$ cat protein30.txt   # compact mmCIF, N, CA and C atoms
# COMPACT_ATOMS: atom_id res chain seq x y z
N PRO K 4 -38.48 25.15 184.05
CA PRO K 4 -38.96 26.44 184.53
C PRO K 4 -38.30 27.60 183.76
N LEU K 5 -39.00 28.69 183.70
CA LEU K 5 -38.50 29.85 182.97
C LEU K 5 -37.21 30.39 183.58
N ARG K 6 -37.05 30.30 184.88
CA ARG K 6 -35.83 30.82 185.52
C ARG K 6 -34.57 30.16 184.96
N ASP K 7 -34.70 28.97 184.37
CA ASP K 7 -33.57 28.28 183.76
C ASP K 7 -33.38 28.68 182.30
N ARG K 8 -34.27 29.52 181.78
CA ARG K 8 -34.21 29.91 180.36
C ARG K 8 -34.22 31.43 180.21
N MET K 9 -33.60 32.15 181.12
CA MET K 9 -33.65 33.61 181.11
C MET K 9 -33.07 34.21 179.83
N ASP K 10 -32.19 33.50 179.15
CA ASP K 10 -31.66 34.00 177.88
C ASP K 10 -32.75 34.09 176.82
N ASP K 11 -33.81 33.33 176.99
CA ASP K 11 -34.92 33.31 176.03
C ASP K 11 -36.01 34.32 176.37
N LEU K 12 -35.89 34.99 177.49
CA LEU K 12 -36.96 35.86 177.98
C LEU K 12 -37.37 36.91 176.97
N GLU K 13 -36.43 37.65 176.43
CA GLU K 13 -36.76 38.74 175.51
C GLU K 13 -37.47 38.22 174.25
N ALA K 14 -37.00 37.11 173.72
CA ALA K 14 -37.64 36.53 172.53
C ALA K 14 -39.05 36.04 172.84
N LEU K 15 -39.22 35.43 174.01
CA LEU K 15 -40.55 34.96 174.40
C LEU K 15 -41.52 36.14 174.57
N VAL K 16 -41.04 37.20 175.20
CA VAL K 16 -41.87 38.38 175.38
C VAL K 16 -42.30 38.94 174.03
N ALA K 17 -41.36 39.06 173.11
CA ALA K 17 -41.67 39.59 171.77
C ALA K 17 -42.71 38.71 171.07
N THR K 18 -42.58 37.41 171.21
CA THR K 18 -43.54 36.48 170.61
C THR K 18 -44.94 36.68 171.19
N PHE K 19 -45.02 36.81 172.50
CA PHE K 19 -46.32 36.97 173.14
C PHE K 19 -46.95 38.32 172.82
N ILE K 20 -46.15 39.37 172.77
CA ILE K 20 -46.69 40.69 172.40
C ILE K 20 -47.23 40.64 170.98
N ALA K 21 -46.49 40.03 170.08
CA ALA K 21 -46.94 39.92 168.68
C ALA K 21 -48.25 39.13 168.59
N ARG K 22 -48.41 38.17 169.46
CA ARG K 22 -49.63 37.35 169.45
C ARG K 22 -50.83 38.13 169.99
N PHE K 23 -50.62 38.85 171.10
CA PHE K 23 -51.74 39.50 171.77
C PHE K 23 -52.05 40.89 171.24
N HIS K 24 -51.02 41.63 170.86
CA HIS K 24 -51.26 42.98 170.36
C HIS K 24 -50.08 43.42 169.49
N PRO K 25 -50.08 43.01 168.23
CA PRO K 25 -49.00 43.40 167.32
C PRO K 25 -48.86 44.92 167.27
N GLY K 26 -47.64 45.37 167.25
CA GLY K 26 -47.38 46.81 167.19
C GLY K 26 -46.98 47.41 168.52
N LYS K 27 -47.35 46.76 169.61
CA LYS K 27 -46.92 47.25 170.92
C LYS K 27 -45.46 46.91 171.13
N VAL K 28 -44.79 47.72 171.93
CA VAL K 28 -43.39 47.46 172.27
C VAL K 28 -43.25 47.47 173.78
N LEU K 29 -42.24 46.80 174.26
CA LEU K 29 -41.95 46.71 175.69
C LEU K 29 -40.86 47.72 176.01
N SER K 30 -41.11 48.58 177.00
CA SER K 30 -40.09 49.55 177.39
C SER K 30 -38.94 48.83 178.10
N TYR K 31 -37.79 49.47 178.10
CA TYR K 31 -36.63 48.87 178.75
C TYR K 31 -36.86 48.69 180.26
N PRO K 32 -37.45 49.68 180.97
CA PRO K 32 -37.74 49.45 182.40
C PRO K 32 -38.69 48.26 182.64
N ALA K 33 -39.64 48.05 181.73
CA ALA K 33 -40.54 46.90 181.87
C ALA K 33 -39.78 45.60 181.69
N LEU K 34 -38.86 45.58 180.73
CA LEU K 34 -38.03 44.39 180.52
C LEU K 34 -37.19 44.12 181.76
N GLN K 35 -36.66 45.16 182.38
CA GLN K 35 -35.86 44.98 183.59
C GLN K 35 -36.69 44.36 184.72
N VAL K 36 -37.95 44.78 184.84
CA VAL K 36 -38.83 44.20 185.86
C VAL K 36 -38.98 42.71 185.61
N LEU K 37 -39.20 42.34 184.35
CA LEU K 37 -39.35 40.93 184.01
C LEU K 37 -38.07 40.15 184.28
N GLU K 38 -36.93 40.75 183.98
CA GLU K 38 -35.65 40.06 184.17
C GLU K 38 -35.31 39.87 185.65
N GLN K 39 -35.79 40.77 186.49
CA GLN K 39 -35.48 40.69 187.92
C GLN K 39 -36.41 39.75 188.68
N HIS K 40 -37.48 39.33 188.05
CA HIS K 40 -38.43 38.41 188.70
C HIS K 40 -37.82 37.01 188.76
N SER K 41 -38.10 36.27 189.81
CA SER K 41 -37.50 34.94 189.98
C SER K 41 -38.17 33.86 189.13
N TRP K 42 -39.36 34.12 188.59
CA TRP K 42 -40.09 33.19 187.72
C TRP K 42 -40.14 31.77 188.28
N PRO K 43 -40.88 31.60 189.39
CA PRO K 43 -41.03 30.26 189.95
C PRO K 43 -41.87 29.34 189.07
N GLY K 44 -42.65 29.94 188.19
CA GLY K 44 -43.52 29.15 187.31
C GLY K 44 -42.84 28.85 185.99
N ASN K 45 -43.65 28.67 184.98
CA ASN K 45 -43.13 28.30 183.68
C ASN K 45 -43.43 29.40 182.67
N VAL K 46 -43.25 29.09 181.41
CA VAL K 46 -43.46 30.06 180.34
C VAL K 46 -44.92 30.51 180.31
N ARG K 47 -45.83 29.68 180.72
CA ARG K 47 -47.24 30.04 180.77
C ARG K 47 -47.47 31.24 181.69
N GLU K 48 -46.73 31.30 182.79
CA GLU K 48 -46.83 32.43 183.71
C GLU K 48 -46.42 33.72 182.99
N LEU K 49 -45.33 33.68 182.25
CA LEU K 49 -44.88 34.85 181.49
C LEU K 49 -45.93 35.25 180.46
N ARG K 50 -46.49 34.28 179.78
CA ARG K 50 -47.53 34.56 178.78
C ARG K 50 -48.69 35.31 179.42
N ASN K 51 -49.12 34.87 180.59
CA ASN K 51 -50.23 35.52 181.28
C ASN K 51 -49.87 36.95 181.70
N VAL K 52 -48.65 37.15 182.17
CA VAL K 52 -48.20 38.48 182.56
C VAL K 52 -48.20 39.42 181.36
N ILE K 53 -47.71 38.95 180.22
CA ILE K 53 -47.65 39.78 179.02
C ILE K 53 -49.05 40.05 178.49
N GLU K 54 -49.92 39.06 178.50
CA GLU K 54 -51.29 39.28 178.04
C GLU K 54 -51.96 40.35 178.89
N ARG K 55 -51.81 40.27 180.20
CA ARG K 55 -52.39 41.27 181.10
C ARG K 55 -51.78 42.64 180.84
N ALA K 56 -50.47 42.70 180.63
CA ALA K 56 -49.79 43.98 180.38
C ALA K 56 -50.28 44.64 179.10
N THR K 57 -50.53 43.85 178.06
CA THR K 57 -51.02 44.44 176.82
C THR K 57 -52.42 45.04 177.03
N ILE K 58 -53.21 44.42 177.88
CA ILE K 58 -54.54 44.94 178.19
C ILE K 58 -54.43 46.21 179.02
N LEU K 59 -53.58 46.19 180.04
CA LEU K 59 -53.42 47.35 180.91
C LEU K 59 -52.82 48.54 180.17
N ALA K 60 -52.01 48.28 179.16
CA ALA K 60 -51.39 49.37 178.39
C ALA K 60 -52.43 50.12 177.56
N GLY K 61 -53.57 49.52 177.34
CA GLY K 61 -54.64 50.18 176.60
C GLY K 61 -54.25 50.51 175.17
N CYS K 62 -54.58 51.70 174.76
CA CYS K 62 -54.34 52.12 173.37
C CYS K 62 -52.90 52.55 173.14
N GLY K 63 -52.13 52.70 174.19
CA GLY K 63 -50.74 53.13 174.04
C GLY K 63 -49.92 52.09 173.30
N GLU K 64 -48.86 52.55 172.65
CA GLU K 64 -48.01 51.63 171.90
C GLU K 64 -46.96 50.96 172.76
N GLU K 65 -46.75 51.48 173.97
CA GLU K 65 -45.66 50.98 174.81
C GLU K 65 -46.20 50.33 176.07
N ILE K 66 -45.64 49.17 176.37
CA ILE K 66 -45.92 48.52 177.64
C ILE K 66 -44.86 49.00 178.61
N ARG K 67 -45.29 49.70 179.67
CA ARG K 67 -44.36 50.27 180.64
C ARG K 67 -44.31 49.39 181.89
N ALA K 68 -43.36 49.69 182.75
CA ALA K 68 -43.14 48.90 183.97
C ALA K 68 -44.40 48.83 184.83
N GLU K 69 -45.19 49.91 184.86
CA GLU K 69 -46.39 49.88 185.71
C GLU K 69 -47.48 48.96 185.15
N HIS K 70 -47.33 48.51 183.91
CA HIS K 70 -48.28 47.57 183.32
C HIS K 70 -47.94 46.11 183.66
N ILE K 71 -46.75 45.89 184.20
CA ILE K 71 -46.30 44.53 184.54
C ILE K 71 -46.79 44.20 185.94
N VAL K 72 -47.69 43.24 186.04
CA VAL K 72 -48.23 42.81 187.33
C VAL K 72 -47.73 41.39 187.58
N LEU K 73 -46.90 41.26 188.61
CA LEU K 73 -46.31 39.95 188.93
C LEU K 73 -46.92 39.37 190.18

$ encode --input "protein30.txt" --output "structure tokens"
Amino acid sequence: PLRDRMDDLEALVATFIARFHPGKVLSYPALQVLEQHSWPGNVRELRNVIERATILAGCGEEIRAEHIVL
């Protein structure tokens, strides 16, 4: 489970953002939201959250905390 790999969270997020929308960046408050989540699922759950966040961020370059839907 992802909760056992929290040290990898930032790298995984960067990988998924690069895959779904290169050029977007994750704001620090958004990263904090992700770090505070208990992640009962696996890396696939994180991938889905990041994919949704890149869509919700629209044309903006930054993924903000309000784009993170858990």

$ select_by_dssp --input "protein30.txt" --residues "chain K" --states "alpha helix (DSSP H)" --output "ChimeraX atom specification"
/K:12-23,31-39,46-59

$ closest_atom_pairs --input "protein30.txt" --of "stretch 5-24 of chain K" --to "stretch 52-67 of chain K" --cutoff "6.5 Å" --atoms "all atoms listed in the file" --output "tab-separated table"
residue	atom	partner	partner_atom	distance
K:Phe19	C	K:Ile53	C	6.3
K:Ile20	N	K:Ile53	CA	6.4
K:Phe23	CA	K:Glu54	CA	6.3

$ atom_distance --input "protein30.txt" --atom1 "atom CA of K:Gly44" --atom2 "atom CA of K:Leu15"
14.5 Å

$ closest_residue --input "protein30.txt" --among "K:Gln35, K:Asn45, K:Ala68, K:Leu29" --to "K:Val16" --atoms "all atoms listed in the file"
K:Leu29

$ select_by_dssp --input "protein30.txt" --residues "chain K" --states "strand (DSSP E or B)" --output "MDAnalysis selection string"
chainID K and resid 28:29 65:66

$ axis_aligned_box --input "protein30.txt" --around "stretch 13-22 of chain K" --padding-each-side "3 Å" --output "AutoDock Vina command-line options"
--center_x -43.6 --center_y 37.8 --center_z 172.5 --size_x 20.4 --size_y 11.7 --size_z 13.8

$ atom_distance --input "protein30.txt" --atom1 "atom CA of K:Leu5" --atom2 "atom CA of K:Pro43"
7.4 Å

$ atom_distance --input "protein30.txt" --atom1 "atom CA of K:Ala14" --atom2 "atom CA of K:Val28"
12.4 Å

$ closest_residue --input "protein30.txt" --among "K:Thr18, K:Asp7, K:Glu13, K:Val46" --to "K:Ser30" --atoms "only C-alpha atoms"
K:Glu13

$ decode --input "protein30.txt" --residues "stretch 13-24 of chain K" --atoms "all heavy atoms" --output "PDB file, in the first residue's frame"
ATOM      1  N   GLU K  13       6.286  12.138  -3.305  1.00  0.00           N
ATOM      2  CA  GLU K  13       6.605  13.295  -4.141  1.00  0.00           C
ATOM      3  C   GLU K  13       7.115  12.872  -5.524  1.00  0.00           C
ATOM      4  O   GLU K  13       6.733  13.453  -6.545  1.00  0.00           O
ATOM      5  CB  GLU K  13       7.622  14.187  -3.440  1.00  0.00           C
ATOM      6  CG  GLU K  13       7.673  15.573  -3.993  1.00  0.00           C
ATOM      7  CD  GLU K  13       8.437  16.532  -3.103  1.00  0.00           C
ATOM      8  OE1 GLU K  13       8.731  16.214  -1.946  1.00  0.00           O
ATOM      9  OE2 GLU K  13       8.747  17.626  -3.607  1.00  0.00           O
ATOM     10  N   ALA K  14       7.950  11.854  -5.568  1.00  0.00           N
ATOM     11  CA  ALA K  14       8.463  11.361  -6.856  1.00  0.00           C
ATOM     12  C   ALA K  14       7.340  10.752  -7.692  1.00  0.00           C
ATOM     13  O   ALA K  14       7.285  10.953  -8.914  1.00  0.00           O
ATOM     14  CB  ALA K  14       9.573  10.345  -6.631  1.00  0.00           C
ATOM     15  N   LEU K  15       6.446  10.021  -7.052  1.00  0.00           N
ATOM     16  CA  LEU K  15       5.317   9.429  -7.779  1.00  0.00           C
ATOM     17  C   LEU K  15       4.405  10.519  -8.347  1.00  0.00           C
ATOM     18  O   LEU K  15       3.975  10.436  -9.494  1.00  0.00           O
ATOM     19  CB  LEU K  15       4.523   8.500  -6.856  1.00  0.00           C
ATOM     20  CG  LEU K  15       5.197   7.187  -6.493  1.00  0.00           C
ATOM     21  CD1 LEU K  15       4.459   6.509  -5.344  1.00  0.00           C
ATOM     22  CD2 LEU K  15       5.252   6.276  -7.701  1.00  0.00           C
ATOM     23  N   VAL K  16       4.144  11.536  -7.547  1.00  0.00           N
ATOM     24  CA  VAL K  16       3.305  12.642  -8.003  1.00  0.00           C
ATOM     25  C   VAL K  16       3.942  13.315  -9.215  1.00  0.00           C
ATOM     26  O   VAL K  16       3.271  13.584 -10.213  1.00  0.00           O
ATOM     27  CB  VAL K  16       3.062  13.654  -6.863  1.00  0.00           C
ATOM     28  CG1 VAL K  16       2.456  14.939  -7.390  1.00  0.00           C
ATOM     29  CG2 VAL K  16       2.170  13.045  -5.796  1.00  0.00           C
ATOM     30  N   ALA K  17       5.236  13.588  -9.144  1.00  0.00           N
ATOM     31  CA  ALA K  17       5.938  14.232 -10.260  1.00  0.00           C
ATOM     32  C   ALA K  17       5.860  13.374 -11.523  1.00  0.00           C
ATOM     33  O   ALA K  17       5.657  13.891 -12.627  1.00  0.00           O
ATOM     34  CB  ALA K  17       7.385  14.503  -9.880  1.00  0.00           C
ATOM     35  N   THR K  18       5.989  12.069 -11.368  1.00  0.00           N
ATOM     36  CA  THR K  18       5.901  11.155 -12.508  1.00  0.00           C
ATOM     37  C   THR K  18       4.514  11.203 -13.141  1.00  0.00           C
ATOM     38  O   THR K  18       4.386  11.278 -14.369  1.00  0.00           O
ATOM     39  CB  THR K  18       6.226   9.717 -12.065  1.00  0.00           C
ATOM     40  OG1 THR K  18       7.558   9.686 -11.562  1.00  0.00           O
ATOM     41  CG2 THR K  18       6.077   8.728 -13.208  1.00  0.00           C
ATOM     42  N   PHE K  19       3.483  11.187 -12.310  1.00  0.00           N
ATOM     43  CA  PHE K  19       2.120  11.201 -12.838  1.00  0.00           C
ATOM     44  C   PHE K  19       1.778  12.539 -13.482  1.00  0.00           C
ATOM     45  O   PHE K  19       1.112  12.575 -14.513  1.00  0.00           O
ATOM     46  CB  PHE K  19       1.110  10.850 -11.745  1.00  0.00           C
ATOM     47  CG  PHE K  19       1.243   9.440 -11.241  1.00  0.00           C
ATOM     48  CD1 PHE K  19       1.122   9.149  -9.896  1.00  0.00           C
ATOM     49  CD2 PHE K  19       1.494   8.394 -12.108  1.00  0.00           C
ATOM     50  CE1 PHE K  19       1.243   7.850  -9.422  1.00  0.00           C
ATOM     51  CE2 PHE K  19       1.622   7.082 -11.651  1.00  0.00           C
ATOM     52  CZ  PHE K  19       1.493   6.820 -10.304  1.00  0.00           C
ATOM     53  N   ILE K  20       2.222  13.638 -12.896  1.00  0.00           N
ATOM     54  CA  ILE K  20       1.976  14.948 -13.510  1.00  0.00           C
ATOM     55  C   ILE K  20       2.654  15.018 -14.868  1.00  0.00           C
ATOM     56  O   ILE K  20       2.067  15.486 -15.841  1.00  0.00           O
ATOM     57  CB  ILE K  20       2.447  16.088 -12.589  1.00  0.00           C
ATOM     58  CG1 ILE K  20       1.538  16.180 -11.359  1.00  0.00           C
ATOM     59  CG2 ILE K  20       2.459  17.422 -13.346  1.00  0.00           C
ATOM     60  CD1 ILE K  20       2.014  17.162 -10.311  1.00  0.00           C
ATOM     61  N   ALA K  21       3.883  14.550 -14.950  1.00  0.00           N
ATOM     62  CA  ALA K  21       4.612  14.558 -16.226  1.00  0.00           C
ATOM     63  C   ALA K  21       3.895  13.706 -17.270  1.00  0.00           C
ATOM     64  O   ALA K  21       3.902  14.031 -18.449  1.00  0.00           O
ATOM     65  CB  ALA K  21       6.038  14.065 -16.022  1.00  0.00           C
ATOM     66  N   ARG K  22       3.265  12.653 -16.834  1.00  0.00           N
ATOM     67  CA  ARG K  22       2.548  11.767 -17.758  1.00  0.00           C
ATOM     68  C   ARG K  22       1.255  12.407 -18.252  1.00  0.00           C
ATOM     69  O   ARG K  22       0.930  12.340 -19.435  1.00  0.00           O
ATOM     70  CB  ARG K  22       2.237  10.443 -17.075  1.00  0.00           C
ATOM     71  CG  ARG K  22       1.478   9.476 -17.985  1.00  0.00           C
ATOM     72  CD  ARG K  22       1.173   8.167 -17.310  1.00  0.00           C
ATOM     73  NE  ARG K  22       2.411   7.506 -16.933  1.00  0.00           N
ATOM     74  CZ  ARG K  22       2.473   6.503 -16.071  1.00  0.00           C
ATOM     75  NH1 ARG K  22       1.377   6.061 -15.494  1.00  0.00           N
ATOM     76  NH2 ARG K  22       3.617   5.937 -15.785  1.00  0.00           N
ATOM     77  N   PHE K  23       0.496  13.018 -17.337  1.00  0.00           N
ATOM     78  CA  PHE K  23      -0.823  13.528 -17.693  1.00  0.00           C
ATOM     79  C   PHE K  23      -0.804  14.942 -18.241  1.00  0.00           C
ATOM     80  O   PHE K  23      -1.620  15.284 -19.088  1.00  0.00           O
ATOM     81  CB  PHE K  23      -1.776  13.464 -16.495  1.00  0.00           C
ATOM     82  CG  PHE K  23      -1.996  12.072 -16.002  1.00  0.00           C
ATOM     83  CD1 PHE K  23      -1.739  11.738 -14.691  1.00  0.00           C
ATOM     84  CD2 PHE K  23      -2.445  11.080 -16.850  1.00  0.00           C
ATOM     85  CE1 PHE K  23      -1.938  10.444 -14.228  1.00  0.00           C
ATOM     86  CE2 PHE K  23      -2.649   9.787 -16.403  1.00  0.00           C
ATOM     87  CZ  PHE K  23      -2.390   9.473 -15.087  1.00  0.00           C
ATOM     88  N   HIS K  24       0.075  15.781 -17.725  1.00  0.00           N
ATOM     89  CA  HIS K  24       0.122  17.164 -18.196  1.00  0.00           C
ATOM     90  C   HIS K  24       1.494  17.757 -17.908  1.00  0.00           C
ATOM     91  O   HIS K  24       1.684  18.471 -16.919  1.00  0.00           O
ATOM     92  CB  HIS K  24      -0.964  18.003 -17.523  1.00  0.00           C
ATOM     93  CG  HIS K  24      -1.290  19.223 -18.298  1.00  0.00           C
ATOM     94  ND1 HIS K  24      -0.461  20.316 -18.373  1.00  0.00           N
ATOM     95  CD2 HIS K  24      -2.357  19.519 -19.068  1.00  0.00           C
ATOM     96  CE1 HIS K  24      -1.000  21.235 -19.124  1.00  0.00           C
ATOM     97  NE2 HIS K  24      -2.158  20.772 -19.559  1.00  0.00           N
TER      98      HIS K  24
END
